[in-house]
$ cat run-v4.cif   # mmCIF, C-alpha atoms
data_data
loop_
_atom_site.label_atom_id
_atom_site.label_comp_id
_atom_site.auth_asym_id
_atom_site.auth_seq_id
_atom_site.Cartn_x
_atom_site.Cartn_y
_atom_site.Cartn_z
CA MET A 55 -30.25 -102.62 83.77
CA VAL A 56 -26.65 -101.77 84.72
CA ASP A 57 -27.68 -98.18 85.46
CA ASN A 58 -30.32 -99.46 87.89
CA TYR A 59 -27.70 -101.53 89.74
CA ALA A 60 -25.39 -98.53 89.94
CA ARG A 61 -28.19 -96.39 91.40
CA LEU A 62 -28.99 -99.13 93.90
CA VAL A 63 -25.35 -99.48 95.02
CA ALA A 64 -25.03 -95.68 95.43
CA SER A 65 -28.22 -95.60 97.50
CA VAL A 66 -27.22 -98.54 99.72
CA PHE A 67 -23.74 -97.05 100.28
CA TYR A 68 -25.22 -93.66 101.17
CA ASP A 69 -27.80 -95.13 103.57
CA ALA A 70 -25.25 -97.39 105.27
CA LEU A 71 -22.65 -94.66 105.74
CA THR A 72 -24.86 -91.76 106.81
CA ARG A 73 -26.32 -93.77 109.71
CA HIS A 74 -22.96 -93.60 111.51
CA GLN A 75 -20.76 -90.92 113.03
CA ASN A 76 -17.13 -90.49 112.09
CA THR A 77 -14.26 -90.43 114.60
CA ARG A 78 -14.78 -86.68 115.15
CA GLU A 79 -18.44 -87.33 116.04
CA GLY A 80 -19.70 -85.77 112.85
CA PRO A 81 -21.58 -87.36 110.00
CA TYR A 82 -19.86 -89.38 107.31
CA VAL A 83 -20.18 -87.60 103.98
CA PRO A 84 -20.19 -90.14 101.15
CA GLY A 85 -18.38 -89.57 97.89
CA PHE A 86 -17.30 -91.69 94.94
CA TYR A 87 -13.64 -91.38 93.98
CA SER A 88 -10.65 -93.62 94.41
CA VAL A 89 -7.67 -91.26 94.59
CA THR A 90 -5.31 -94.03 93.39
CA CYS A 91 -6.66 -96.95 95.42
CA HIS A 92 -8.30 -98.34 92.27
CA VAL A 93 -4.86 -99.39 91.01
CA ALA A 94 -3.55 -100.90 94.27
CA PHE A 95 -6.81 -102.68 95.15
CA GLY A 96 -7.08 -103.96 91.60
CA GLN A 97 -3.59 -105.46 91.83
CA ARG A 98 -4.70 -107.46 94.86
CA THR A 99 -8.04 -108.66 93.49
CA GLY A 100 -8.70 -111.75 91.42
CA ALA A 101 -10.74 -111.95 88.22
CA LEU A 102 -14.39 -110.93 88.40
CA PRO A 103 -17.51 -112.16 86.58
CA SER A 104 -17.64 -108.80 84.76
CA GLY A 105 -14.68 -109.88 82.64
CA ARG A 106 -12.15 -107.86 84.63
CA LEU A 107 -8.95 -109.88 84.80
CA ALA A 108 -6.96 -110.54 87.97
CA GLY A 109 -4.72 -107.62 88.85
CA GLU A 110 -6.36 -105.07 86.54
CA PRO A 111 -7.24 -101.70 88.07
CA PHE A 112 -10.81 -101.01 89.10
CA ALA A 113 -12.58 -98.00 87.61
CA SER A 114 -10.79 -94.81 88.62
CA SER A 115 -14.01 -92.98 89.17
CA LEU A 116 -17.78 -93.24 89.02
CA GLY A 117 -17.47 -94.00 85.31
CA ALA A 118 -16.85 -97.32 83.63
CA ALA A 119 -13.77 -99.44 84.15
CA ASN A 120 -11.13 -99.25 81.43
CA GLY A 121 -12.44 -100.70 78.19
CA ARG A 122 -16.00 -101.08 79.45
CA ASP A 123 -17.49 -97.85 78.05
CA ARG A 124 -18.08 -99.36 74.64
CA LEU A 125 -20.99 -97.13 73.60
CA GLY A 126 -19.07 -93.84 73.68
CA PRO A 127 -18.94 -90.77 75.89
CA THR A 128 -22.60 -89.80 75.55
CA ALA A 129 -23.78 -93.18 76.84
CA LEU A 130 -21.22 -93.07 79.66
CA LEU A 131 -22.30 -89.58 80.70
CA ASN A 132 -25.99 -90.52 80.55
CA SER A 133 -25.34 -93.51 82.82
CA VAL A 134 -23.45 -91.47 85.40
CA ALA A 135 -26.09 -88.70 85.34
CA ARG A 136 -28.73 -91.29 86.27
CA ILE A 137 -27.10 -91.70 89.69
CA ASP A 138 -28.74 -89.13 91.93
CA SER A 139 -26.02 -86.75 93.11
CA LYS A 140 -27.68 -86.52 96.54
CA PHE A 141 -25.96 -89.88 97.21
CA ALA A 142 -22.55 -88.21 96.77
CA PRO A 143 -22.57 -85.04 98.89
CA ASN A 144 -18.76 -85.28 99.07
CA GLY A 145 -18.65 -85.34 95.27
CA TYR A 146 -17.48 -87.87 92.77
CA ALA A 147 -14.78 -88.14 90.18
CA LEU A 148 -15.72 -88.81 86.59
CA ASN A 149 -12.59 -89.16 84.49
CA LEU A 150 -12.83 -88.74 80.74
CA ARG A 151 -9.86 -89.01 78.42
CA PHE A 152 -9.98 -87.69 74.90
CA ASP A 153 -7.42 -87.90 72.17
CA LYS A 154 -6.61 -84.25 71.41
CA ARG A 155 -7.32 -84.86 67.71
CA VAL A 156 -10.99 -85.57 68.51
CA LEU A 157 -11.45 -82.21 70.22
CA LYS A 158 -9.47 -80.18 67.70
CA GLY A 159 -10.83 -76.91 66.30
CA GLU A 160 -14.37 -75.57 66.30
CA ARG A 161 -15.89 -79.01 65.73
CA GLY A 162 -14.07 -80.33 68.79
CA LYS A 163 -15.13 -77.37 70.87
CA GLY A 164 -18.73 -78.03 69.87
CA ILE A 165 -18.44 -81.70 70.78
CA LEU A 166 -17.06 -80.91 74.23
CA LYS A 167 -19.63 -78.17 74.82
CA GLY A 168 -22.47 -80.54 73.88
CA LEU A 169 -21.20 -83.29 76.16
CA VAL A 170 -20.77 -80.93 79.12
CA LYS A 171 -24.14 -79.20 78.67
CA GLY A 172 -25.96 -82.49 78.18
CA PHE A 173 -24.36 -84.05 81.24
CA PHE A 174 -25.12 -81.20 83.61
CA SER A 175 -28.64 -80.67 82.28
CA SER A 176 -29.29 -84.38 82.95
CA GLY A 177 -28.31 -84.08 86.61
CA GLY A 178 -24.57 -84.76 86.43
CA MET A 179 -22.43 -83.27 89.18
CA GLU A 180 -18.78 -83.29 88.19
CA MET A 181 -16.51 -84.27 85.31
CA GLN A 182 -12.83 -83.94 84.62
CA PHE A 183 -10.87 -84.34 81.43
CA ASN A 184 -7.53 -85.48 80.15
CA VAL A 185 -7.13 -84.19 76.60
CA LEU A 186 -3.82 -85.63 75.49
CA ASP A 187 -1.94 -87.10 72.60
CA PRO A 188 -1.87 -90.85 73.36
CA GLU A 189 1.52 -91.23 71.72
CA VAL A 190 2.99 -88.60 74.05
CA LEU A 191 1.70 -90.52 77.09
CA GLU A 192 3.19 -93.75 75.79
CA ASP A 193 6.49 -92.01 75.02
CA ALA A 194 6.51 -90.39 78.47
CA MET A 195 6.10 -93.80 80.05
CA ARG A 196 8.99 -95.24 78.02
CA ASN A 197 11.19 -92.16 78.56
CA PRO A 198 10.82 -90.73 82.08
CA GLY A 199 11.95 -87.11 82.30
CA LYS A 200 11.34 -86.32 78.63
CA TYR A 201 8.11 -84.43 79.42
CA PRO A 202 8.72 -82.86 82.86
CA GLY A 203 5.68 -80.56 82.62
CA LEU A 204 3.18 -83.26 81.57
CA VAL A 205 0.25 -83.03 83.99
CA VAL A 206 -2.59 -85.56 84.03
CA ARG A 207 -5.88 -86.06 85.84
CA VAL A 208 -5.56 -89.09 88.07
CA SER A 209 -8.78 -89.49 90.06
CA GLY A 210 -10.02 -86.27 91.56
CA TYR A 211 -6.63 -84.59 91.41
CA LEU A 212 -3.84 -83.58 89.03
CA ALA A 213 -0.28 -84.88 89.13
CA TYR A 214 2.90 -84.69 87.12
CA PHE A 215 3.00 -87.85 85.04
CA ASP A 216 6.65 -88.52 85.95
CA ASP A 217 5.82 -88.41 89.69
CA LEU A 218 3.27 -91.23 89.50
CA PRO A 219 4.08 -94.86 90.27
CA ASP A 220 4.47 -97.04 87.18
CA ALA A 221 1.16 -98.84 87.82
CA ALA A 222 -0.73 -95.52 87.93
CA LYS A 223 1.02 -94.36 84.73
CA LYS A 224 0.02 -97.56 82.98
CA GLU A 225 -3.59 -97.18 84.13
CA ILE A 226 -3.76 -93.66 82.73
CA VAL A 227 -2.25 -94.80 79.41
CA ASP A 228 -4.71 -97.71 79.28
CA ARG A 229 -7.82 -95.61 79.98
CA THR A 230 -10.27 -95.87 77.18
CA ARG A 231 -9.84 -93.28 74.48
CA LEU A 232 -13.23 -91.67 74.09
CA GLU A 233 -14.15 -90.68 70.58
CA ALA A 234 -17.08 -88.55 69.46
#

$ encode --input "run-v4.cif" --output "structure tokens"
Amino acid sequence: MVDNYARLVASVFYDALTRHQNTREGPYVPGFYSVTCHVAFGQRTGALPSGRLAGEPFASSLGAANGRDRLGPTALLNSVARIDSKFAPNGYALNLRFDKRVLKGERGKGILKGLVKGFFSSGGMEMQFNVLDPEVLEDAMRNPGKYPGLVVRVSGYLAYFDDLPDAAKKEIVDRTRLEA
């Protein structure tokens, strides 16, 4: 049911946008990614019927909002793959965060390979990963400057963790830890 609503929203957005010309007299090219607006807009938005509390970030990408992907990465990837990528000719961000212990060794490599192959063979377009030690992220937030080379996926781009605003850091720390 939720997947059907997501497909419908993507279709309506695409149809509404592509009927118009942009300020350079070219077509609008729809895409689904937030850069970091999901944090700022979330801070300014009240509670929603979905259970999202006032001030919480929206989803950082086409995937589920933090804490809402309760059935694991395979279910999340299947849901996103059901949205026809023709509705996102400018691409979309799909952020996945894994605890590095889950993807450790040959077993971990097999898990990641299976998820990637399954997603793309089901029609998925794009995915990006953070594979990090959650304790390091939490320590980096408490101790700025301790990990100057720590780079994270934000939403369609990479950034040094220390360079991000505190709200964006917190959102990355709070992202659901996907387990296989």

$ closest_residue --input "run-v4.cif" --among "A:Ala213, A:Leu102, A:Val63, A:Leu71" --to "Asp138 of chain A" --atoms "all atoms listed in the file"
A:Val63

$ residues_around --input "run-v4.cif" --residues "Arg106 of chain A" --least-positions-apart "5" --cutoff "10 Å" --atoms "all atoms listed in the file" --output "ChimeraX atom specification"
/A:96,99-101,111-112,119-122

$ resolve_selection --input "run-v4.cif" --expression "the PyMOL selection byres ((chain A and resi 142-148) around 7)" --output "mmCIF file with C-alpha atoms, in the coordinates of the input"
data_model
loop_
_atom_site.group_PDB
_atom_site.id
_atom_site.type_symbol
_atom_site.label_atom_id
_atom_site.label_comp_id
_atom_site.auth_asym_id
_atom_site.auth_seq_id
_atom_site.Cartn_x
_atom_site.Cartn_y
_atom_site.Cartn_z
ATOM 1 C CA VAL A 83 -20.180 -87.600 103.980
ATOM 2 C CA PRO A 84 -20.190 -90.140 101.150
ATOM 3 C CA GLY A 85 -18.380 -89.570 97.890
ATOM 4 C CA PHE A 86 -17.300 -91.690 94.940
ATOM 5 C CA TYR A 87 -13.640 -91.380 93.980
ATOM 6 C CA SER A 115 -14.010 -92.980 89.170
ATOM 7 C CA LEU A 116 -17.780 -93.240 89.020
ATOM 8 C CA GLY A 117 -17.470 -94.000 85.310
ATOM 9 C CA SER A 139 -26.020 -86.750 93.110
ATOM 10 C CA LYS A 140 -27.680 -86.520 96.540
ATOM 11 C CA PHE A 141 -25.960 -89.880 97.210
ATOM 12 C CA ASN A 149 -12.590 -89.160 84.490
ATOM 13 C CA LEU A 150 -12.830 -88.740 80.740
ATOM 14 C CA GLU A 180 -18.780 -83.290 88.190
ATOM 15 C CA MET A 181 -16.510 -84.270 85.310
ATOM 16 C CA GLN A 182 -12.830 -83.940 84.620
ATOM 17 C CA SER A 209 -8.780 -89.490 90.060
ATOM 18 C CA GLY A 210 -10.020 -86.270 91.560
#

$ atom_distance --input "run-v4.cif" --atom1 "atom CA of His92 of chain A" --atom2 "atom CA of Ala222 of chain A"
9.2 Å

$ atom_distance --input "run-v4.cif" --atom1 "atom CA of Tyr68 of chain A" --atom2 "atom CA of Pro81 of chain A"
11.4 Å

$ closest_residue --input "run-v4.cif" --among "A:Tyr201, A:Phe67, A:Tyr82, A:Phe152" --to "Asp187 of chain A" --atoms "all atoms listed in the file"
A:Phe152
